[in-house]
Amino acid sequence: MIASFRIFAEPDRIRLITCLVFCCFKTIFHIVMFEKITNSKILNFQTKKVTFSAIILAFSTVASGLLGFLRDGLLSGKFGASPELDSYFAAFRIPDFIYGVLVYGGITVVFLPFFAEQYAKGKDKVWEFANNVLNVFLAFVIVIATVCLVFAPALVRIMAPGFSGEQLDQTIFLTRVMLISPILFGVSSVLSGILQYFNRFLAYGIAPLLYNLGIIAGIVFLTPLFGIAGVAYGVVLGAFFYCLVQLPAAVNAGFKYRFVFRPLDPIFTKAFFLMLPRVFSVAAIQLEYVVNLFIASRLAAGSVTIFNFTNNIYILPVSAIGVSFAMAAFPVFSKLFAESNFSELGRKFSSTFRQVAFIVIPSSFLMWLLRDSIIGFIYLHGRFSSEAALLMSASVAIMCVVILFYSEIQVIYRMFFSLKDTITPTVITAISVIATVFLSFLFVDLAGQNPLEGILKDLFGFNQLQDIRIIGLSLAFALAIFFQFLLAFFFLTRRDNRLVPAKEIALSTVKSILAGIVMAVAVYSAHAKIFFSQPFFDLAVYGVFGAVIYLAIATILRCREMEVLKETVYSFLKRLRQT
């Protein structure tokens with residue numbers, strides 16, 4: 001059963017969070033003073049190894065994820081699974097579409113390989129290239145955001161046909177406010193590429209923390225004045241700090257702003273055309289999210305919120321582990337391909353793939369076992385209902401099954417990008433999106449009628465709930481992610497089998513799964529006998545217990561990743577003492 005969250009009374013919790021946000025901003029403000037930063041050892045901290053870089057990014061992602069959970073907890077307590085919060089999440093779709101297509105799916109993919117290529121030709125060339133990309137790209141994002149701002153009413157009506165009246169007007173207004181954020185993220189994308197090339201992952205890793213702190217500040221300080229609009233203002237504030245914190249470290253790396261605007265420059269046009277397949281790929285993914293909003297907006301009130309909160313839970317291990325390792329390995333992959341060192345490239349890919357599996361597998365098992373405690377601790381307070389929590393629990397359980405596959409997709413795609421192949425991932429993604437859209441309509445419909453409705457209710461134990469159709473979206477996503485992984489792995493192997501030591505990867509993954517199964521049985525058995533009424537203690541005790549069991553079994557099975565992990569942690573602690 002979902003546990004309740006009552007550690008602090010509401011006024012005490014708000015005061016505690018207020019102090020936390022103030023202290024975080026104050027600390028970061030002192031760090032980010034420009035005159036001090038340019039010679040600071042903190043934000044200019046450089047890493048040498050992929051695993052080392054990945055650990056820094058993972059810590060950053062986990063910290064950002066915890067702040068994200070705090071953010072979601074505040075939202076769920078203040079607004080619940082309500083039409084207001086549905087409007088807020090729906091308003092993210094257009095800004096996220098611009099960010100996903102132009103920033104995450106476009107410039108971040110091609111900037112780093114071309115930056116590395118230009119850096120080899122000389123510093124003047126590379127900084128001219130960086131400024132040209134920044135200026136041309138920023139102008140393009142501003143134009144797109146302005147067009148979306150003007151046509152926001154029509155776009156929102158198309159995406160959320162289930163919204164009307166005040167909820168529709170509110171969604172349009174929130175959308176227009178948050179359209180500022182992709183412009184700021186556009187600037188950040190170039191700065192992030194520079195920091196990644198020079199392995200300055202610490203400065204890059206602090207940025208997401210500030211983004212979430214900005215949103216939390218909006219919830220705590222601005223919602224009493226502006227209601228749900230205060231959260232949107234917090235999104236813009238967080239995006240501003242996300243950009244600001246990366247600027248000094250980029251300057252220290254050698255970046256100096258110049259107005260260079262050459263959209264027809266041969267290097268830029270080459271990067272642009274290489275970017276196009278990936279842009280279409282991410283556009284397809286964003287279209288998938290729009291379709292899900294289209295479906296969820298027509299279901300019971302709060303369905304959009306439940307779906308988004310579910311995504312925020314299962315995406316944390318994907319981001320903290322899969323994305324972190326993939327991003328840390330991306331510069332190394334790119335450099336090895338530029339040197340035509342394919343044997344070493346295959347070893348690096350194998351090592352990264354195996355390390356991701358080694359960490360993700362126990363995380364998935366633990367999240368599946370302790371999902372009720374996670375939801376009870378973060379969401380189940382204030383206006384958030386136990387019925388909504390039950391639907392979230394079932395959705396999280398389904399998504400836990402594919403966390404490993406989703407994490408490995410990030411690594412495989414970065415390998416393709418380092419090979420300057422954006423077409424193959426685009427085709428795979430397009431196929432996956434078509435499958436997801438088809439399955440979403442199918443399973444949402446089937447989840448509302450027998451026999452699937454009865455099976456899901458019996459499986460997850462909520463026969464008292466009337467409308468469980470939102471679970472159909474999670475089923476569709478899970479199946480599509482698994483299918484996407486199979487396609488990506490198959491096509492990478494076919495491209496060059498030297499890049500994918502399949503036997504080595506399979507043996508390591510099997511050992512990790514065996515260790516994970518033993519850990520899951522031990523945690524499940526102990527949890528059935530001793531259950532803590534407070535979700536926080538339940539998570540802390542069984543999280544640590546599970547980790548100890550897993551590491552012990554992995555040691556017995558002689559998993560090679562244990563040695564890598566020990567060496568990296570030791571090196572990390574040593575570097576921290578020297579900094």
# chains A, B, ... in the order shown; residues from 1 in each chain; ligands from 1

$ select_by_dssp --residues "segment 412-546 of chain A" --states "helix (DSSP H, G or I)" --output "ChimeraX atom specification"
/A:412-418,423-446,452-460,471-495,497-499,502-529,535-546

$ residues_around --residues "segment 274-284 of chain A" --least-positions-apart "2" --cutoff "10 Å" --atoms "only C-alpha atoms" --output "PyMOL selection string"
chain A and resi 97-111+268-272+286-290+417+420-434

$ atom_distance --atom1 "atom CA of Ala120 of chain A" --atom2 "atom CA of Ile267 of chain A"
14.1 Å

$ closest_residue --among "A:Ala515, A:Val291, A:Val190, A:Val126" --to "Pro161 of chain A" --atoms "only C-alpha atoms"
A:Val291

$ closest_residue --among "A:Met159, A:Ile142, A:Ala357, A:Cys400" --to "Leu293 of chain A" --atoms "only C-alpha atoms"
A:Met159

$ closest_residue --among "A:Leu225, A:Leu202, A:Ala250, A:Val304" --to "Glu84 of chain A" --atoms "only C-alpha atoms"
A:Val304

$ closest_residue --among "A:Val402, A:Cys559, A:Ala528, A:Met392" --to "Ser303 of chain A" --atoms "only C-alpha atoms"
A:Met392

$ closest_residue --among "A:Phe140, A:Phe115, A:Tyr379, A:Phe59" --to "Gly80 of chain A" --atoms "only C-alpha atoms"
A:Tyr379

$ residues_around --residues "Cys148 of chain A" --least-positions-apart "2" --cutoff "10 Å" --atoms "only C-alpha atoms" --output "PyMOL selection string"
chain A and resi 94-95+98+142-146+150-155+175-176+179

$ closest_residue --among "A:Phe307, A:Phe537, A:Phe259, A:Phe114" --to "Ser418 of chain A" --atoms "only C-alpha atoms"
A:Phe114

$ residues_around --residues "segment 136-138 of chain A" --least-positions-apart "6" --cutoff "9 Å" --atoms "only C-alpha atoms" --output "PDB file with C-alpha atoms, in the first residue's frame"
ATOM      1  CA  LEU A 102      16.743  22.562 -32.232  1.00  0.00           C
ATOM      2  CA  ILE A 107      23.186  21.635 -32.164  1.00  0.00           C
ATOM      3  CA  ILE A 183      16.304  30.781 -26.171  1.00  0.00           C
ATOM      4  CA  LEU A 184      18.457  30.637 -23.038  1.00  0.00           C
ATOM      5  CA  GLY A 186      20.156  27.660 -27.095  1.00  0.00           C
ATOM      6  CA  VAL A 187      23.008  29.803 -25.786  1.00  0.00           C
ATOM      7  CA  VAL A 260      30.280  36.372 -36.439  1.00  0.00           C
ATOM      8  CA  PHE A 261      27.177  35.759 -38.539  1.00  0.00           C
ATOM      9  CA  ARG A 262      27.872  33.557 -41.579  1.00  0.00           C
ATOM     10  CA  PRO A 263      24.974  31.160 -42.149  1.00  0.00           C
TER      11      PRO A 263
END

$ residues_around --residues "segment 546-550 of chain A" --least-positions-apart "3" --cutoff "6 Å" --atoms "only C-alpha atoms" --output "list in words"
Ala515, Met519, Tyr542, Gly543 and Ile553 of chain A

$ residues_around --residues "Asp445 of chain A" --least-positions-apart "5" --cutoff "12 Å" --atoms "only C-alpha atoms" --output "PyMOL selection string"
chain A and resi 295-296+298-299+438-440+450-453+467-473+475-476

$ write_last_selection --atoms "C-alpha atoms" --output "compact mmCIF listing (two decimals), in the first residue's frame"
# COMPACT_ATOMS: atom_id res chain seq x y z
CA ILE A 295 -4.57 11.38 -25.48
CA ALA A 296 -4.08 12.21 -21.78
CA ARG A 298 -9.08 13.58 -23.00
CA LEU A 299 -8.85 11.16 -20.05
CA PHE A 438 0.04 3.27 -32.65
CA LEU A 439 0.48 1.35 -29.39
CA SER A 440 -0.59 4.37 -27.29
CA ASN A 450 -11.89 -6.27 -20.58
CA PRO A 451 -9.92 -8.47 -20.62
CA LEU A 452 -6.90 -6.12 -20.34
CA GLU A 453 -8.63 -3.83 -17.84
CA ASP A 467 -10.56 4.83 -15.03
CA ILE A 468 -7.12 3.20 -15.42
CA ARG A 469 -6.59 4.02 -19.10
CA ILE A 470 -3.53 6.22 -18.41
CA ILE A 471 -1.57 3.01 -17.72
CA GLY A 472 -1.94 2.20 -21.42
CA LEU A 473 0.53 4.99 -22.23
CA LEU A 475 2.63 0.00 -21.68
CA ALA A 476 3.05 1.57 -25.13

$ atom_distance --atom1 "atom CA of Leu264 of chain A" --atom2 "atom CA of Lys125 of chain A"
15.9 Å

$ atom_distance --atom1 "atom CA of Phe198 of chain A" --atom2 "atom CA of Leu565 of chain A"
23.1 Å

$ residues_around --residues "segment 459-464 of chain A" --least-positions-apart "5" --cutoff "9 Å" --atoms "only C-alpha atoms" --output "PyMOL selection string"
chain A and resi 387+390-391+393-394+454

$ decode --residues "segment 464-484 of chain A" --atoms "C-alpha atoms" --output "PDB file, in the first residue's frame"
ATOM      1  CA  GLN A 464     -11.797   0.096  -6.788  1.00  0.00           C
ATOM      2  CA  LEU A 465     -10.541   2.497  -9.474  1.00  0.00           C
ATOM      3  CA  GLN A 466     -12.845   3.320 -12.364  1.00  0.00           C
ATOM      4  CA  ASP A 467     -10.564   4.831 -15.029  1.00  0.00           C
ATOM      5  CA  ILE A 468      -7.121   3.204 -15.418  1.00  0.00           C
ATOM      6  CA  ARG A 469      -6.587   4.015 -19.104  1.00  0.00           C
ATOM      7  CA  ILE A 470      -3.535   6.224 -18.405  1.00  0.00           C
ATOM      8  CA  ILE A 471      -1.568   3.010 -17.721  1.00  0.00           C
ATOM      9  CA  GLY A 472      -1.942   2.196 -21.416  1.00  0.00           C
ATOM     10  CA  LEU A 473       0.531   4.986 -22.231  1.00  0.00           C
ATOM     11  CA  SER A 474       3.206   3.394 -20.051  1.00  0.00           C
ATOM     12  CA  LEU A 475       2.632  -0.002 -21.678  1.00  0.00           C
ATOM     13  CA  ALA A 476       3.049   1.567 -25.127  1.00  0.00           C
ATOM     14  CA  PHE A 477       6.225   3.413 -24.132  1.00  0.00           C
ATOM     15  CA  ALA A 478       7.810   0.323 -22.586  1.00  0.00           C
ATOM     16  CA  LEU A 479       7.250  -1.876 -25.628  1.00  0.00           C
ATOM     17  CA  ALA A 480       8.497   0.830 -28.010  1.00  0.00           C
ATOM     18  CA  ILE A 481      11.680   1.423 -25.986  1.00  0.00           C
ATOM     19  CA  PHE A 482      12.525  -2.291 -26.029  1.00  0.00           C
ATOM     20  CA  PHE A 483      11.946  -2.427 -29.789  1.00  0.00           C
ATOM     21  CA  GLN A 484      14.099   0.677 -30.305  1.00  0.00           C
TER      22      GLN A 484
END
